[in-house]
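Quick notes on the structure that follows.
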Amino acid sequence: MNWNSWPEFFYMGGYALYVWGSFAVTAILVAGEIVMLRLHRKKALELALNTVKYGKVKNDENEA
Amino acid sequence: MSTSQTVIVLLRRELLLAMRRRGDVLTVLFFFVIVASLFPLGVGPDPKLLRLMGGGVVWVSALLAAMLSLGRMFASDHADGTLEQLVLTPTPPVVWITGKILAHWLVSGVPLILVAPVLGVQFGLSGEALGVLVFSLLLGTPVLSLIGAIGAALTLGLRGGGVLVSLLVLPLYIPVLIFGAGAVDGAMSGLGAEAHLSLLGGILILAFMLTPWAVSAALRISIE
Amino acid sequence: MINRFNKYRYASPATFYHFAGRLIPWFYGAAALFCVAGLYIGLFLAPTDFQQSEAYRIIFIHVPAAWMSMFIYVVMACWAALGLAFNTRMSFMMASALAPTGAMLTFVSLWTGALWGKPTWGAWWVWDARLTSELILFFLYLGFMALQSAIDDPRRADRAGALIALVGVVNVPIIYFSVRWWNTLHQGASVSMTKAPSMASIMLVGMLVMALAAWMYTIAAALSRARCIILERERNAQWVAQMLEADA
């Protein structure tokens, strides 16, 4: 183990901004993509449900 | 009609159309000159700096000008139905597509090559570098027309097609830019331009063999 | 014969939809496991680099993201080629499902490259051959997605995207070679990001485990995006109606 204490770990030998900046942005982007995928799925399911309920809807714009 | 006849007829038609719409050709040329003239105004008139930048600036301007003229490569023929007729002819698509690309190069590439030395002089390029600039443009601008044709064919009839073409085509132009501007740099610094020019020639041969097929596929996708 | 049968079976969107739905949680789970293991190795087990101190720990994200971003583009082009050759709708859908994840990972590698470059080279951005190629790769992803989103007709969007992906993959080696050539002419030898000989093997293990995590995540994300695309495209199909009624 390299670290003697948690503060030392978060300090990253003075490179905290760079190291945690990289890790945080990556985490945010991955989480963002997962959220976007869930929204996409919800929208797609809704669209399919409406199509099943109200018959063939050729164009997305036709829906109110 | 034999294939060579088809190409000749097609070339004559394209050149005739270009003569009738001289404004389009001149606009692209004017754009080329303006973009290149903006750089000294942006970075300052220091002759040493300009001499260093000259080759790259002329090449970047040529890239942008070539891209600007891509829109009309297939669009007007698509609008008046000529493209559908061409697709129906027994001539293999690759043949007439090569003809169209050649015509595009003659109309929009060659004028750039003719004007480039004037711009080179403005940037203080040496005589040898001017020669290399013209030669590199001679090898490079056909590649711009060839690769650009793929983008033009894929974006045929799309809204916002012009901006889209730039997004698709500019990254693919990068090797041509690197070797073209590199050749001028090599001539200026005395390192020699041969390696750059032969790589540019290699790219031209590769592009000439492959792109007509890709354009033919792209047109099929866009028209059907 | 059995192989052939299976291939066409999974090329059908309906089968693919259900099959992918069962696989996705496993891939997300594997991604999470590999990610935790990789981060533990990278942040706690791997020793401090005597040259770059702790800043080098960024490579546990940077290198796997860069690897995956290139790999995804090649996989995308393979799906595109399959689609154009065999006219299978699923192949096109997989190609479009992979692109956003690929673009995201390309951006991650650019971002982490900049944050790694600042303490190491003293500049946020250096026109290093690899960073520049990665930037161009990002443009290629954006071009692919922009083209597909500009075309309304899904059939044309599929094919046009597939063609530009193929053109891109033919060009990637040429671009990489030309950028390296340009870089060595203008700056001398390019600065290497990972000094392979001086790297402890535990660092390499950490990078590989993180790469596996990125791989598993990519599969999971691409499969779930493909499922959304299937739902949108096939919403008029019988099997979608049956499935939705069975759920309700």
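To be explicit about the labels: the chains of the structure tokens are called A, B, and onward in the order shown, and within each one the residues are counted from 1, while ligands get numbers from 1 in the order they are shown.
Neighbours of Ala207 (chain B) closer than or equal to 9 Å, with only C-alpha atoms counted and sequence neighbours fewer than 3 positions away skipped, come out as B:Pro142, B:Val143, B:Leu146, B:Ile147, B:Gly202, B:Ile203, B:Leu204, B:Leu210, B:Thr211, B:Pro212.
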Keeping only N, CA and C atoms, take the residues you just selected and write them out as an mmCIF file, in the first residue's frame.
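File written: out_17.cif
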data_model
loop_
_atom_site.group_PDB
_atom_site.id
_atom_site.type_symbol
_atom_site.label_atom_id
_atom_site.label_comp_id
_atom_site.auth_asym_id
_atom_site.auth_seq_id
_atom_site.Cartn_x
_atom_site.Cartn_y
_atom_site.Cartn_z
ATOM 1 N N PRO B 142 -6.283 17.095 -57.173
ATOM 2 C CA PRO B 142 -7.173 16.020 -57.648
ATOM 3 C C PRO B 142 -7.659 15.132 -56.502
ATOM 4 N N VAL B 143 -6.789 14.917 -55.509
ATOM 5 C CA VAL B 143 -7.213 14.091 -54.358
ATOM 6 C C VAL B 143 -8.346 14.789 -53.617
ATOM 7 N N LEU B 146 -11.393 14.109 -55.511
ATOM 8 C CA LEU B 146 -11.793 12.698 -55.416
ATOM 9 C C LEU B 146 -12.458 12.402 -54.076
ATOM 10 N N ILE B 147 -11.766 12.775 -52.976
ATOM 11 C CA ILE B 147 -12.328 12.482 -51.649
ATOM 12 C C ILE B 147 -13.584 13.310 -51.428
ATOM 13 N N GLY B 202 1.627 8.963 -54.248
ATOM 14 C CA GLY B 202 1.078 7.672 -53.841
ATOM 15 C C GLY B 202 -0.367 7.797 -53.411
ATOM 16 N N ILE B 203 -0.647 8.860 -52.645
ATOM 17 C CA ILE B 203 -2.028 9.085 -52.189
ATOM 18 C C ILE B 203 -2.932 9.322 -53.384
ATOM 19 N N LEU B 204 -2.420 10.077 -54.382
ATOM 20 C CA LEU B 204 -3.227 10.359 -55.571
ATOM 21 C C LEU B 204 -3.599 9.062 -56.295
ATOM 22 N N LEU B 210 -9.477 4.007 -55.739
ATOM 23 C CA LEU B 210 -10.522 3.572 -54.801
ATOM 24 C C LEU B 210 -11.767 4.468 -54.798
ATOM 25 N N THR B 211 -11.567 5.804 -54.844
ATOM 26 C CA THR B 211 -12.725 6.671 -54.582
ATOM 27 C C THR B 211 -13.857 6.541 -55.601
ATOM 28 N N PRO B 212 -13.588 6.376 -56.926
ATOM 29 C CA PRO B 212 -14.760 6.267 -57.821
ATOM 30 C C PRO B 212 -15.732 5.164 -57.407
#
(message) With 6 Å as the limit and counting only C-alpha atoms, what residues in chain A lie close to chain C? Please list them as a ChimeraX atom specification.
(response) /A:1,12-13,15,18-19,22,41,44,48,52
Go ahead and save the residues from that selection, with C-alpha atoms, as a short mmCIF file (atom, residue, chain, number, x, y, z; two decimals), in the first residue's frame.
data_model
loop_
_atom_site.label_atom_id
_atom_site.label_comp_id
_atom_site.auth_asym_id
_atom_site.auth_seq_id
_atom_site.Cartn_x
_atom_site.Cartn_y
_atom_site.Cartn_z
CA MET A 1 0.00 0.00 0.00
CA MET A 12 -2.03 12.65 -4.81
CA GLY A 13 1.45 14.04 -4.22
CA TYR A 15 -1.33 16.33 -8.53
CA TYR A 18 -5.04 16.52 -12.62
CA VAL A 19 -5.64 13.02 -11.32
CA SER A 22 -9.47 13.03 -15.05
CA ARG A 41 -35.16 3.66 -23.69
CA ALA A 44 -38.51 4.44 -27.36
CA ALA A 48 -43.76 1.84 -29.30
CA VAL A 52 -49.44 -0.26 -30.53
#
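Reported to one decimal place, the separation of CA of Gly151 (chain B) from CA of Ala160 (chain C) is 9.8 Å.
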Could you please tell me, as an mmCIF file with C-alpha atoms, in the first residue's frame, which residues of chain C have an atom within 8 Å of chain B when using only C-alpha atoms?
data_model
loop_
_atom_site.group_PDB
_atom_site.id
_atom_site.type_symbol
_atom_site.label_atom_id
_atom_site.label_comp_id
_atom_site.auth_asym_id
_atom_site.auth_seq_id
_atom_site.Cartn_x
_atom_site.Cartn_y
_atom_site.Cartn_z
ATOM 1 C CA ILE C 136 -8.942 13.490 -35.801
ATOM 2 C CA PHE C 139 -13.837 14.351 -35.779
ATOM 3 C CA LEU C 140 -14.462 11.120 -37.680
ATOM 4 C CA LEU C 142 -18.677 13.315 -35.066
ATOM 5 C CA GLY C 143 -18.916 13.202 -38.863
ATOM 6 C CA PHE C 144 -20.451 9.729 -38.749
ATOM 7 C CA ALA C 146 -23.817 14.090 -37.883
ATOM 8 C CA LEU C 147 -24.382 12.373 -41.218
ATOM 9 C CA ALA C 150 -29.100 14.559 -40.896
ATOM 10 C CA ILE C 151 -30.784 11.769 -42.890
ATOM 11 C CA ARG C 156 -30.359 5.707 -46.346
ATOM 12 C CA ARG C 159 -26.029 2.873 -45.622
ATOM 13 C CA ALA C 160 -24.553 6.362 -45.820
ATOM 14 C CA LEU C 163 -19.987 3.921 -46.195
ATOM 15 C CA ILE C 164 -18.426 6.867 -44.374
ATOM 16 C CA VAL C 167 -13.968 5.300 -45.878
ATOM 17 C CA GLY C 168 -12.821 6.489 -42.452
ATOM 18 C CA ASN C 171 -8.063 6.516 -44.000
ATOM 19 C CA ILE C 174 -2.937 6.954 -43.628
ATOM 20 C CA ILE C 175 -3.883 9.775 -41.271
ATOM 21 C CA SER C 178 0.991 11.272 -41.981
ATOM 22 C CA VAL C 179 0.501 12.861 -38.563
ATOM 23 C CA TRP C 182 4.511 15.643 -39.662
#
**Item:** Polymer residues at most 7 Å from Ser91 (chain C), only C-alpha atoms, same-chain spacing of 4 or more positions, as a ChimeraX atom specification
**Value:** /C:79-80,82-83,95
Written file, previous selection with N, CA and C atoms, as a compact mmCIF listing (two decimals), in the first residue's frame:
# COMPACT_ATOMS: atom_id res chain seq x y z
N TRP C 79 -18.97 -3.86 -38.60
CA TRP C 79 -20.43 -3.99 -38.65
C TRP C 79 -20.96 -3.33 -39.93
N ALA C 80 -20.40 -2.16 -40.26
CA ALA C 80 -20.83 -1.45 -41.45
C ALA C 80 -20.59 -2.30 -42.70
N LEU C 82 -20.27 -5.57 -42.84
CA LEU C 82 -21.20 -6.70 -42.81
C LEU C 82 -22.57 -6.28 -43.32
N GLY C 83 -23.01 -5.11 -42.85
CA GLY C 83 -24.32 -4.63 -43.25
C GLY C 83 -24.41 -4.39 -44.74
N ALA C 95 -23.66 -0.69 -35.66
CA ALA C 95 -22.68 0.35 -36.00
C ALA C 95 -23.13 1.69 -35.41
Can you tell me, as a tab-separated table (two decimals) with C-alpha atoms, in the first residue's frame, what residues are no more than 6 Å from region 127-131 of chain B when counting only C-alpha atoms, ignoring any on the same chain fewer than 4 positions away?
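Result saved to selection13.tsv:
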chain	number	residue	atom	x	y	z
B	117	PRO	CA	2.17	31.26	-57.22
B	184	VAL	CA	6.83	23.48	-49.58
B	187	ALA	CA	11.91	23.18	-50.30
B	188	MET	CA	12.17	26.29	-48.11
Compile the contact shell of region 53-64 of chain B as a compact mmCIF listing (two decimals) with C-alpha atoms, in the first residue's frame: residues with an atom at most 6 Å away, counting only C-alpha atoms, same-chain residues fewer than 3 positions apart removed.
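See out.txt below for the written result:
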# COMPACT_ATOMS: atom_id res chain seq x y z
CA PHE B 32 -9.11 31.20 -52.07
CA VAL B 35 -8.62 33.48 -47.13
CA ALA B 36 -4.91 33.44 -47.89
CA LEU B 50 5.07 34.79 -43.29
CA MET B 67 -14.51 22.14 -50.15
CA PHE B 123 4.25 35.30 -48.57
CA ALA B 181 2.49 21.89 -47.01
CA VAL B 184 6.83 23.48 -49.58
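Here CA of Val7 (chain B) is placed at a distance of 23.3 Å from CA of Ile113 (chain B).
Taking CA of Ala20 (chain C) as the reference point, CA of Ala97 (chain C) is found at 12.8 Å.
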